[in-house]
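Here is model03.csv, consisting of CSV, C-alpha atoms:
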```
chain,number,residue,atom,x,y,z
V,1,MET,CA,-12.4,21.4,10.2
V,2,THR,CA,-8.8,20.7,11.3
V,3,LEU,CA,-6.1,23.3,10.6
V,4,LEU,CA,-3.4,21.7,8.4
V,5,ALA,CA,-1.1,24.5,7.5
V,6,VAL,CA,-0.6,28.3,8.1
V,7,ALA,CA,1.5,30.7,6.1
V,8,VAL,CA,2.1,34.3,7.4
V,9,ALA,CA,3.6,37.1,5.2
V,10,GLY,CA,7.1,37.9,6.3
V,11,ARG,CA,7.4,34.8,8.4
V,12,GLY,CA,6.6,31.9,6.1
V,13,LEU,CA,5.1,28.6,7.3
V,14,VAL,CA,4.1,28.5,10.9
V,15,PRO,CA,3.1,25.3,12.7
V,16,PRO,CA,-0.6,25.4,13.4
V,17,ASP,CA,0.0,25.1,17.2
V,18,GLU,CA,2.1,28.3,17.3
V,19,PRO,CA,0.6,31.7,17.9
V,20,VAL,CA,0.7,34.1,14.9
V,21,LEU,CA,-1.3,37.2,16.0
V,22,LEU,CA,0.0,40.0,18.4
V,23,ALA,CA,-2.2,40.9,21.3
V,24,ASP,CA,-2.9,44.4,20.0
V,25,ASP,CA,-3.7,43.4,16.4
V,26,GLU,CA,-6.9,45.2,15.5
V,27,ALA,CA,-8.3,41.9,14.2
V,28,LEU,CA,-8.5,40.9,17.9
V,29,LEU,CA,-9.2,44.3,19.4
V,30,ARG,CA,-11.9,45.4,17.0
V,31,GLY,CA,-12.8,42.5,14.7
V,32,ARG,CA,-11.4,44.6,11.9
V,33,ALA,CA,-10.0,42.3,9.2
V,34,ALA,CA,-11.0,41.2,5.7
V,35,PHE,CA,-11.3,37.5,4.8
V,36,GLU,CA,-12.3,35.1,2.1
V,37,THR,CA,-13.1,31.4,2.3
V,38,VAL,CA,-12.1,29.4,-0.9
V,39,ARG,CA,-12.8,25.8,-1.8
V,40,VAL,CA,-9.8,23.9,-3.0
V,41,TYR,CA,-10.4,21.1,-5.6
V,42,GLY,CA,-7.5,18.9,-6.7
V,43,GLY,CA,-5.0,21.2,-4.9
V,44,ARG,CA,-6.3,24.3,-6.8
V,45,PRO,CA,-8.3,27.2,-5.1
V,46,PHE,CA,-11.6,27.7,-7.0
V,47,ARG,CA,-11.8,31.2,-8.6
V,48,LEU,CA,-9.0,32.6,-6.4
V,49,THR,CA,-8.7,35.8,-8.6
V,50,ASP,CA,-12.4,36.6,-8.1
V,51,HIS,CA,-12.1,36.0,-4.3
V,52,LEU,CA,-9.0,38.3,-4.2
V,53,ARG,CA,-10.9,41.0,-6.1
V,54,ARG,CA,-13.7,40.9,-3.6
V,55,MET,CA,-11.3,40.8,-0.7
V,56,ARG,CA,-9.5,43.9,-2.0
V,57,GLY,CA,-12.8,45.7,-2.0
V,58,SER,CA,-13.5,44.6,1.6
V,59,ALA,CA,-10.0,45.8,2.6
V,60,GLU,CA,-10.6,49.2,1.0
V,61,ARG,CA,-14.0,49.6,2.8
V,62,LEU,CA,-12.3,48.7,6.1
V,63,GLY,CA,-9.4,51.0,5.4
V,64,VAL,CA,-6.7,48.4,5.3
V,65,PRO,CA,-3.9,48.9,2.7
V,66,TRP,CA,-3.9,46.1,0.1
V,67,PRO,CA,-0.6,44.1,0.0
V,68,ASP,CA,0.5,41.8,-2.9
V,69,GLY,CA,1.4,38.2,-2.3
V,70,PHE,CA,-1.8,36.4,-1.4
V,71,GLU,CA,-1.4,34.0,-4.3
V,72,GLU,CA,2.1,33.0,-3.2
V,73,LEU,CA,1.0,32.7,0.5
V,74,ALA,CA,-1.9,30.5,-0.5
V,75,ALA,CA,0.4,28.3,-2.7
V,76,GLU,CA,2.8,27.9,0.2
V,77,ALA,CA,0.2,26.9,2.7
V,78,LEU,CA,-1.5,24.5,0.2
V,79,GLU,CA,1.8,22.8,-0.6
V,80,ALA,CA,2.5,22.3,3.1
V,81,ALA,CA,-1.0,20.9,3.7
V,82,GLY,CA,-0.5,18.4,0.9
V,83,VAL,CA,-4.2,17.5,0.5
V,84,PRO,CA,-6.1,17.9,-2.8
V,85,ASP,CA,-9.5,18.9,-1.3
V,86,ALA,CA,-9.5,21.5,1.4
V,87,VAL,CA,-10.7,24.9,2.6
V,88,LEU,CA,-8.4,27.8,2.1
V,89,ARG,CA,-9.0,30.9,4.2
V,90,LEU,CA,-7.3,34.2,3.7
V,91,TYR,CA,-7.1,37.0,6.3
V,92,LEU,CA,-5.8,40.6,6.0
V,93,THR,CA,-5.7,42.4,9.3
V,94,PRO,CA,-4.6,46.1,10.0
V,95,GLY,CA,-1.8,44.7,12.2
V,96,ARG,CA,-1.0,46.4,15.5
V,97,GLU,CA,-3.1,49.3,16.6
V,98,GLY,CA,-1.8,52.4,14.9
V,99,SER,CA,1.1,50.6,13.1
V,100,GLY,CA,-0.2,50.8,9.6
V,101,ARG,CA,1.5,47.4,8.9
V,102,PRO,CA,-1.1,44.9,7.9
V,103,ALA,CA,-0.8,41.2,8.8
V,104,GLN,CA,-1.5,38.7,6.0
V,105,LEU,CA,-2.4,35.0,6.6
V,106,ALA,CA,-3.3,31.9,4.6
V,107,LEU,CA,-4.9,29.0,6.5
V,108,VAL,CA,-5.6,25.5,4.9
V,109,SER,CA,-8.0,23.2,6.7
V,110,SER,CA,-9.6,19.9,6.1
V,111,LEU,CA,-13.2,19.9,4.7
V,112,PRO,CA,-16.0,19.7,7.3
V,113,ARG,CA,-16.6,16.0,7.8
V,114,ASP,CA,-20.3,16.1,7.3
V,115,LEU,CA,-20.3,18.4,4.2
V,116,GLU,CA,-21.4,15.9,1.6
V,117,GLU,CA,-23.8,14.3,4.0
V,118,ARG,CA,-25.5,17.6,4.7
V,119,ARG,CA,-25.6,18.4,1.0
V,120,ALA,CA,-27.3,15.1,0.3
V,121,ARG,CA,-29.9,15.2,3.0
V,122,GLY,CA,-30.5,19.0,3.0
V,123,ILE,CA,-30.7,21.0,6.2
V,124,SER,CA,-33.5,22.7,8.2
V,125,LEU,CA,-33.5,26.5,8.5
V,126,ILE,CA,-35.2,29.1,10.7
V,127,SER,CA,-35.6,32.7,9.5
V,128,LEU,CA,-34.2,35.4,11.6
V,129,LEU,CA,-34.3,39.2,11.3
V,130,GLY,CA,-31.0,40.3,9.7
V,131,VAL,CA,-28.9,43.4,10.3
V,132,ARG,CA,-29.9,46.3,8.2
V,133,ALA,CA,-27.0,47.4,6.0
V,134,ASP,CA,-28.3,50.4,4.0
V,135,ALA,CA,-25.6,52.9,4.8
V,136,PRO,CA,-21.9,52.5,3.8
V,137,TRP,CA,-20.6,52.4,7.4
V,138,LEU,CA,-22.9,49.5,8.1
V,139,LEU,CA,-20.6,47.6,5.8
V,140,GLY,CA,-23.1,45.7,3.6
V,141,GLY,CA,-21.2,43.5,1.1
V,142,VAL,CA,-18.0,43.7,3.1
V,143,LYS,CA,-16.6,40.4,4.3
V,144,SER,CA,-15.1,41.5,7.6
V,145,THR,CA,-14.3,39.2,10.5
V,146,SER,CA,-17.0,41.0,12.7
V,147,TYR,CA,-19.2,37.9,12.6
V,148,ALA,CA,-20.4,37.7,16.2
V,149,VAL,CA,-24.0,38.3,15.1
V,150,ASN,CA,-23.7,35.6,12.5
V,151,MET,CA,-22.4,33.1,15.1
V,152,ALA,CA,-25.2,34.1,17.5
V,153,ALA,CA,-27.8,33.5,14.8
V,154,GLU,CA,-26.4,30.0,14.3
V,155,SER,CA,-26.7,29.3,18.0
V,156,GLU,CA,-30.2,30.6,18.0
V,157,ALA,CA,-31.1,28.3,15.1
V,158,ARG,CA,-29.6,25.3,17.0
V,159,ARG,CA,-31.4,26.3,20.2
V,160,ARG,CA,-34.7,26.2,18.2
V,161,GLY,CA,-33.9,22.7,16.8
V,162,ALA,CA,-32.9,23.8,13.3
V,163,ASP,CA,-29.6,23.2,11.5
V,164,ASP,CA,-29.0,26.8,10.5
V,165,ALA,CA,-30.6,30.2,10.0
V,166,VAL,CA,-31.3,32.4,7.1
V,167,PHE,CA,-31.5,36.2,7.5
V,168,VAL,CA,-34.5,38.1,6.3
V,169,ARG,CA,-35.1,41.8,6.1
V,170,ASP,CA,-38.0,43.3,8.1
V,171,ASP,CA,-40.0,43.5,4.9
V,172,GLY,CA,-39.5,39.7,4.4
V,173,VAL,CA,-36.9,39.8,1.7
V,174,VAL,CA,-34.4,36.9,2.1
V,175,LEU,CA,-30.8,38.1,2.5
V,176,GLU,CA,-28.3,35.3,3.2
V,177,GLY,CA,-27.3,32.7,5.8
V,178,PRO,CA,-25.0,33.5,8.7
V,179,VAL,CA,-22.1,31.7,6.9
V,180,THR,CA,-23.9,30.6,3.8
V,181,ASN,CA,-25.5,32.1,0.7
V,182,VAL,CA,-28.9,31.7,-0.9
V,183,TRP,CA,-29.3,30.6,-4.5
V,184,TRP,CA,-31.8,28.6,-6.4
V,185,ARG,CA,-32.3,26.9,-9.8
V,186,ARG,CA,-35.2,27.2,-12.2
V,187,GLY,CA,-34.7,25.1,-15.2
V,188,SER,CA,-31.1,25.6,-16.3
V,189,THR,CA,-30.8,29.1,-14.8
V,190,LEU,CA,-29.2,29.7,-11.4
V,191,TYR,CA,-30.5,32.7,-9.4
V,192,ILE,CA,-28.8,34.5,-6.5
V,193,THR,CA,-30.1,37.1,-4.1
V,194,ALA,CA,-29.9,40.7,-5.4
V,195,ASP,CA,-28.8,44.1,-4.2
V,196,MET,CA,-25.7,44.6,-2.1
V,197,TYR,CA,-25.6,40.9,-1.4
V,198,ILE,CA,-24.6,40.1,-4.9
V,199,ALA,CA,-21.0,40.9,-4.1
V,200,ARG,CA,-21.0,38.1,-1.5
V,201,ILE,CA,-22.2,35.3,-3.8
V,202,LYS,CA,-21.0,35.8,-7.3
V,203,THR,CA,-18.4,33.1,-7.0
V,204,ARG,CA,-21.1,30.5,-6.5
V,205,THR,CA,-22.8,31.0,-9.9
V,206,LYS,CA,-21.4,27.7,-11.1
V,207,GLY,CA,-22.9,25.9,-8.2
V,208,ALA,CA,-19.4,24.5,-7.4
V,209,GLY,CA,-18.4,27.0,-4.7
V,210,TRP,CA,-19.0,26.6,-1.1
O,211,MET,CA,-1.9,54.0,23.0
O,212,THR,CA,1.3,51.9,23.4
O,213,LEU,CA,1.1,48.4,24.6
O,214,LEU,CA,3.1,48.0,27.8
O,215,ALA,CA,2.3,44.5,29.1
O,216,VAL,CA,0.4,41.4,28.1
O,217,ALA,CA,-0.6,38.5,30.3
O,218,VAL,CA,-2.1,35.3,28.9
O,219,ALA,CA,-3.8,32.6,31.0
O,220,GLY,CA,-1.7,29.5,31.2
O,221,ARG,CA,1.3,31.3,29.8
O,222,GLY,CA,1.9,34.3,32.1
O,223,LEU,CA,3.6,37.5,30.9
O,224,VAL,CA,4.3,37.6,27.2
O,225,PRO,CA,6.5,40.4,25.6
O,226,PRO,CA,4.2,42.7,23.6
O,227,ASP,CA,6.2,42.0,20.4
O,228,GLU,CA,5.5,38.2,20.6
O,229,PRO,CA,2.4,36.7,19.0
O,230,VAL,CA,-0.3,35.3,21.4
O,231,LEU,CA,-3.2,34.2,19.3
O,232,LEU,CA,-3.4,31.0,17.2
O,233,ALA,CA,-4.4,31.4,13.5
O,234,ASP,CA,-7.6,29.5,14.0
O,235,ASP,CA,-8.8,31.3,17.2
O,236,GLU,CA,-12.4,32.3,16.6
O,237,ALA,CA,-11.5,35.8,17.7
O,238,LEU,CA,-9.7,36.1,14.4
O,239,LEU,CA,-11.9,33.8,12.3
O,240,ARG,CA,-15.2,35.2,13.4
O,241,GLY,CA,-14.7,38.3,15.6
O,242,ARG,CA,-16.2,36.2,18.4
O,243,ALA,CA,-14.7,37.4,21.7
O,244,ALA,CA,-15.9,39.3,24.7
O,245,PHE,CA,-13.9,42.3,26.0
O,246,GLU,CA,-13.9,45.2,28.4
O,247,THR,CA,-11.8,48.4,28.6
O,248,VAL,CA,-11.1,49.5,32.1
O,249,ARG,CA,-9.4,52.8,33.2
O,250,VAL,CA,-6.6,52.4,35.7
O,251,TYR,CA,-6.1,55.1,38.3
O,252,GLY,CA,-3.1,55.0,40.7
O,253,GLY,CA,-2.4,51.4,39.6
O,254,ARG,CA,-6.0,50.2,40.4
O,255,PRO,CA,-8.6,49.3,37.7
O,256,PHE,CA,-11.7,51.4,38.2
O,257,ARG,CA,-14.8,49.2,39.1
O,258,LEU,CA,-13.2,46.0,37.8
O,259,THR,CA,-15.9,43.9,39.5
O,260,ASP,CA,-18.6,45.6,37.6
O,261,HIS,CA,-16.7,45.3,34.3
O,262,LEU,CA,-16.2,41.6,34.9
O,263,ARG,CA,-19.9,41.1,35.7
O,264,ARG,CA,-20.8,42.7,32.4
O,265,MET,CA,-18.1,40.7,30.6
O,266,ARG,CA,-19.5,37.5,32.0
O,267,GLY,CA,-22.9,38.5,30.6
O,268,SER,CA,-21.3,39.1,27.1
O,269,ALA,CA,-19.4,35.8,27.3
O,270,GLU,CA,-22.7,34.0,28.1
O,271,ARG,CA,-24.5,35.6,25.1
O,272,LEU,CA,-21.6,34.7,22.8
O,273,GLY,CA,-21.5,31.1,24.1
O,274,VAL,CA,-18.0,31.3,25.6
O,275,PRO,CA,-17.5,29.4,28.9
O,276,TRP,CA,-16.5,31.8,31.7
O,277,PRO,CA,-13.1,31.1,33.3
O,278,ASP,CA,-11.9,32.4,36.7
O,279,GLY,CA,-8.7,34.4,37.0
O,280,PHE,CA,-9.2,37.7,35.2
O,281,GLU,CA,-8.4,39.6,38.4
O,282,GLU,CA,-5.1,37.8,38.8
O,283,LEU,CA,-4.3,38.2,35.1
O,284,ALA,CA,-5.0,41.9,35.3
O,285,ALA,CA,-2.8,42.3,38.4
O,286,GLU,CA,0.0,40.5,36.7
O,287,ALA,CA,-0.1,42.7,33.6
O,288,LEU,CA,-0.5,45.9,35.7
O,289,GLU,CA,2.5,45.1,37.8
O,290,ALA,CA,4.6,44.4,34.7
O,291,ALA,CA,3.5,47.6,33.1
O,292,GLY,CA,4.5,49.6,36.2
O,293,VAL,CA,2.6,52.8,35.4
O,294,PRO,CA,-0.1,54.3,37.7
O,295,ASP,CA,-2.4,55.6,35.0
O,296,ALA,CA,-3.2,53.3,32.1
O,297,VAL,CA,-5.8,51.4,30.1
O,298,LEU,CA,-6.5,47.8,30.9
O,299,ARG,CA,-8.2,45.7,28.3
O,300,LEU,CA,-9.5,42.2,29.0
O,301,TYR,CA,-10.3,39.7,26.2
O,302,LEU,CA,-12.0,36.3,26.4
O,303,THR,CA,-12.0,34.3,23.1
O,304,PRO,CA,-13.5,30.9,22.3
O,305,GLY,CA,-10.0,29.7,21.5
O,306,ARG,CA,-9.3,27.4,18.5
O,307,GLU,CA,-12.3,26.6,16.3
O,308,GLY,CA,-14.1,23.7,17.9
O,309,SER,CA,-11.7,23.3,20.8
O,310,GLY,CA,-13.9,24.5,23.7
O,311,ARG,CA,-10.8,25.9,25.3
O,312,PRO,CA,-11.1,29.7,25.7
O,313,ALA,CA,-8.1,32.1,25.6
O,314,GLN,CA,-7.9,34.8,28.2
O,315,LEU,CA,-5.8,37.9,27.9
O,316,ALA,CA,-5.0,41.1,29.8
O,317,LEU,CA,-3.4,44.0,28.0
O,318,VAL,CA,-2.1,47.2,29.6
O,319,SER,CA,-1.5,50.2,27.5
O,320,SER,CA,-0.5,53.9,28.0
O,321,LEU,CA,-3.3,56.4,27.9
O,322,PRO,CA,-4.1,58.1,24.6
O,323,ARG,CA,-1.8,61.1,24.5
O,324,ASP,CA,-4.6,63.6,23.6
O,325,LEU,CA,-7.2,62.4,26.1
O,326,GLU,CA,-7.1,65.3,28.5
O,327,GLU,CA,-6.8,67.8,25.6
O,328,ARG,CA,-9.8,66.3,23.9
O,329,ARG,CA,-11.8,66.4,27.1
O,330,ALA,CA,-10.9,70.1,27.7
O,331,ARG,CA,-11.7,71.3,24.2
O,332,GLY,CA,-14.6,69.0,23.4
O,333,ILE,CA,-15.0,67.2,20.1
O,334,SER,CA,-17.2,67.5,17.1
O,335,LEU,CA,-19.6,64.7,16.2
O,336,ILE,CA,-21.8,63.7,13.3
O,337,SER,CA,-24.8,61.5,13.7
O,338,LEU,CA,-25.0,58.2,11.8
O,339,LEU,CA,-27.7,55.6,11.5
O,340,GLY,CA,-26.9,52.8,14.0
O,341,VAL,CA,-27.3,49.1,13.8
O,342,ARG,CA,-30.7,48.0,14.9
O,343,ALA,CA,-30.4,45.5,17.8
O,344,ASP,CA,-33.9,44.6,18.8
O,345,ALA,CA,-33.5,40.8,18.6
O,346,PRO,CA,-31.3,38.7,20.9
O,347,TRP,CA,-29.1,37.4,18.1
O,348,LEU,CA,-28.3,40.9,17.0
O,349,LEU,CA,-26.3,41.1,20.3
O,350,GLY,CA,-27.5,44.5,21.7
O,351,GLY,CA,-25.7,45.2,25.0
O,352,VAL,CA,-23.0,42.6,24.3
O,353,LYS,CA,-19.5,43.8,24.2
O,354,SER,CA,-18.1,41.6,21.4
O,355,THR,CA,-15.0,42.3,19.4
O,356,SER,CA,-17.1,42.5,16.2
O,357,TYR,CA,-16.5,46.2,15.9
O,358,ALA,CA,-15.9,46.6,12.2
O,359,VAL,CA,-19.0,48.8,11.8
O,360,ASN,CA,-17.9,51.0,14.7
O,361,MET,CA,-14.5,51.5,13.1
O,362,ALA,CA,-16.1,52.3,9.8
O,363,ALA,CA,-18.4,54.8,11.5
O,364,GLU,CA,-15.3,56.6,13.0
O,365,SER,CA,-13.7,56.7,9.5
O,366,GLU,CA,-16.9,58.1,8.0
O,367,ALA,CA,-16.9,60.8,10.7
O,368,ARG,CA,-13.3,61.8,10.0
O,369,ARG,CA,-14.0,61.8,6.3
O,370,ARG,CA,-16.7,64.3,6.9
O,371,GLY,CA,-14.4,66.5,9.0
O,372,ALA,CA,-15.7,65.6,12.5
O,373,ASP,CA,-13.8,64.1,15.4
O,374,ASP,CA,-16.2,61.2,16.0
O,375,ALA,CA,-19.7,59.9,15.4
O,376,VAL,CA,-22.8,59.1,17.5
O,377,PHE,CA,-25.2,56.4,16.4
O,378,VAL,CA,-28.9,57.2,16.2
O,379,ARG,CA,-31.9,55.0,15.6
O,380,ASP,CA,-34.0,55.6,12.5
O,381,ASP,CA,-36.6,57.3,14.7
O,382,GLY,CA,-33.9,59.7,15.9
O,383,VAL,CA,-33.2,58.3,19.4
O,384,VAL,CA,-29.5,58.7,20.3
O,385,LEU,CA,-27.8,55.4,21.1
O,386,GLU,CA,-24.1,55.6,21.7
O,387,GLY,CA,-20.8,56.4,20.0
O,388,PRO,CA,-18.7,53.8,18.1
O,389,VAL,CA,-16.3,53.5,21.0
O,390,THR,CA,-17.9,56.0,23.5
O,391,ASN,CA,-21.0,56.3,25.5
O,392,VAL,CA,-23.5,59.2,25.8
O,393,TRP,CA,-24.3,60.8,29.2
O,394,TRP,CA,-25.3,64.2,30.3
O,395,ARG,CA,-25.7,66.2,33.5
O,396,ARG,CA,-28.6,68.3,34.6
O,397,GLY,CA,-28.0,70.0,38.0
O,398,SER,CA,-26.4,67.3,40.1
O,399,THR,CA,-28.0,64.4,38.3
O,400,LEU,CA,-26.2,62.3,35.7
O,401,TYR,CA,-28.3,60.8,32.9
O,402,ILE,CA,-27.4,57.9,30.6
O,403,THR,CA,-29.1,56.5,27.5
O,404,ALA,CA,-31.8,54.0,28.2
O,405,ASP,CA,-33.0,50.6,27.0
O,406,MET,CA,-30.6,47.8,26.1
O,407,TYR,CA,-27.7,50.3,26.0
O,408,ILE,CA,-27.8,50.8,29.8
O,409,ALA,CA,-25.7,47.7,30.2
O,410,ARG,CA,-22.9,49.4,28.2
O,411,ILE,CA,-22.6,52.5,30.3
O,412,LYS,CA,-23.4,51.9,33.9
O,413,THR,CA,-19.8,52.1,35.0
O,414,ARG,CA,-19.7,55.7,33.9
O,415,THR,CA,-22.3,56.9,36.3
O,416,LYS,CA,-19.7,58.6,38.5
O,417,GLY,CA,-18.3,60.4,35.5
O,418,ALA,CA,-14.9,59.1,36.3
O,419,GLY,CA,-14.9,56.2,33.9
O,420,TRP,CA,-13.6,56.3,30.3
```
Can I see the file as structure tokens?
Amino acid sequence: MTLLAVAVAGRGLVPPDEPVLLADDEALLRGRAAFETVRVYGGRPFRLTDHLRRMRGSAERLGVPWPDGFEELAAEALEAAGVPDAVLRLYLTPGREGSGRPAQLALVSSLPRDLEERRARGISLISLLGVRADAPWLLGGVKSTSYAVNMAAESEARRRGADDAVFVRDDGVVLEGPVTNVWWRRGSTLYITADMYIARIKTRTKGAGW
Amino acid sequence: MTLLAVAVAGRGLVPPDEPVLLADDEALLRGRAAFETVRVYGGRPFRLTDHLRRMRGSAERLGVPWPDGFEELAAEALEAAGVPDAVLRLYLTPGREGSGRPAQLALVSSLPRDLEERRARGISLISLLGVRADAPWLLGGVKSTSYAVNMAAESEARRRGADDAVFVRDDGVVLEGPVTNVWWRRGSTLYITADMYIARIKTRTKGAGW
């Protein structure tokens, strides 16, 4: 993915090659930030309201005050990017350590080049033991930027010759992929994984999300 | 803690109020970065070589190429900060998504104001179930910036009226605190917690670390 446009609350559009985050933003110091990834079709983000509702829940669990204005920030970045099909990513960070002033970003990137190809041919997966998340402070269902384990799982999958991984619980229940969700179709009904993970996948129920 | 000085590889000293990180740095996107926190006494970082050795191990596990130059970057930031007692924090990020060009930062901050007071009076703890880390991709022993769970545990502790938390395994074994380590003294011998967690606390064996 190539970064096409960046909009920052209070600063407006920022060229993608210019720094936006302060050194002591807690997003860097502590991986403490809420985010959403939204597919853009024909210049319009898919189910943005649902994504923002989930993001607000993540922010609450992470203790970051919720600001208005993500819709406008997203529109600004999308207009600057000027492409109909894209990936929109929204970030809400706590800002500087102890400041109480959150930072709010919208990033628009090109689609991964091999997206359609991978969809057409399918991908190979390995199953890996996932992180247990059965207590509120373990942040099950929260989309925080603390994804180091997810990235390590993807590396492990590639190291073992697979395309990606899928996390399973120690009792064998399938949870989700490191950056993907699990759903399946039986007849005309789509199924998604249950439990705390439902919050992470409800926007895919039409099969058109990403 | 107040940020006093920031040095960035390839850029030199940067005023603490100026942004340093690009919007698509993986440290923001994915909490994927290695870090170390080092106590500075009389202008000198305590056991910097040991910290860098551990950080190099974290970087390797996170798949971030190891660059030279952290000693010089730290010295530059420390000189600019110009205080004898401080906190030095080192960060190594993968840089922009897919770029393969890591970003390297040294931050010098003032000591937390209540540090000595907290040491003198002691603090109250609650125990919380910790994240299981018994598979390599769960990153036990790696100091990554994916600390959202650690921050949520601290909030939970405060919510319950305690000063901080300590993580325990589901079989009751004490692991570590969200941003602290556990050690104890019997006679003249210092003890530390065992297993994969030893990597995270070995610099404290003289009781002078932080």
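Using all atoms listed in the file, the contacts of Val87 (chain V) at a cut-off of 8 Å, with sequence neighbours closer than 5 positions omitted, comprise V:Thr37, V:Val38, V:Arg39, V:Val40, V:Val108, V:Ser109, V:Ser110, V:Leu111.
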Return as CSV the residues of chain V lying at most 6 Å from chain O, together with the closest atom-to-atom pair for each and the distance in Å to one decimal, counting all atoms listed in the file, with rows in chain order and ascending residue number.
```
residue,atom,partner,partner_atom,distance
V:Pro19,CA,O:Leu232,CA,4.1
V:Val20,CA,O:Pro229,CA,5.1
V:Leu21,CA,O:Pro229,CA,4.8
V:Leu22,CA,O:Pro229,CA,4.1
V:Ala23,CA,O:Val230,CA,5.9
V:Ala27,CA,O:Leu238,CA,6.0
V:Leu28,CA,O:Ala237,CA,5.9
V:Arg30,CA,O:Tyr357,CA,4.8
V:Gly31,CA,O:Ser356,CA,4.6
V:Arg32,CA,O:Ala358,CA,4.9
V:Trp137,CA,O:Ala362,CA,5.1
V:Leu138,CA,O:Val359,CA,5.4
V:Thr145,CA,O:Arg240,CA,5.0
V:Ser146,CA,O:Ser356,CA,3.8
V:Tyr147,CA,O:Arg240,CA,4.9
V:Ala148,CA,O:Arg242,CA,5.0
V:Val149,CA,O:Leu348,CA,5.4
V:Ala152,CA,O:Trp347,CA,5.1
V:Ala153,CA,O:Trp347,CA,5.3
```
*Mind checking which residues fall within 8 Å of Gly43 (chain V), counting only C-alpha atoms, ignoring those fewer than 5 positions away in the same chain, and posting them as a list in words?*
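Close residues of Gly43 (chain V): Leu78, Gly82, Val83, Pro84, Asp85 and Ala86 of chain V.
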*For CA of Glu60 (chain V) and CA of Val376 (chain O), determine how far apart the two atoms are, in Å to one decimal place.*
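That distance, rounded to one decimal, is 22.8 Å.
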_Just to confirm, what's the straight-line distance from CA of Glu282 (chain O) to CA of Pro312 (chain O) in Å (one decimal)?_
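Atom-to-atom, CA of Glu282 (chain O) and CA of Pro312 (chain O) are spaced 16.5 Å apart.
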*Would you mind listing what lies within 8 Å of Arg257 (chain O) as a list in words, with all atoms listed in the file counted and same-chain residues fewer than 2 positions away left out?*
Val248, Pro255, Thr259, Asp260, His261 and Thr413 of chain O
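By chain and then residue number, the residues within 10 Å of Asp68 (chain V) are V:Ala9, V:Leu73, V:Gln104, counting all atoms listed in the file and disregarding those fewer than 5 positions away in sequence.
The space separating CA of Glu176 (chain V) from CA of Asp380 (chain O) comes to 23.0 Å.
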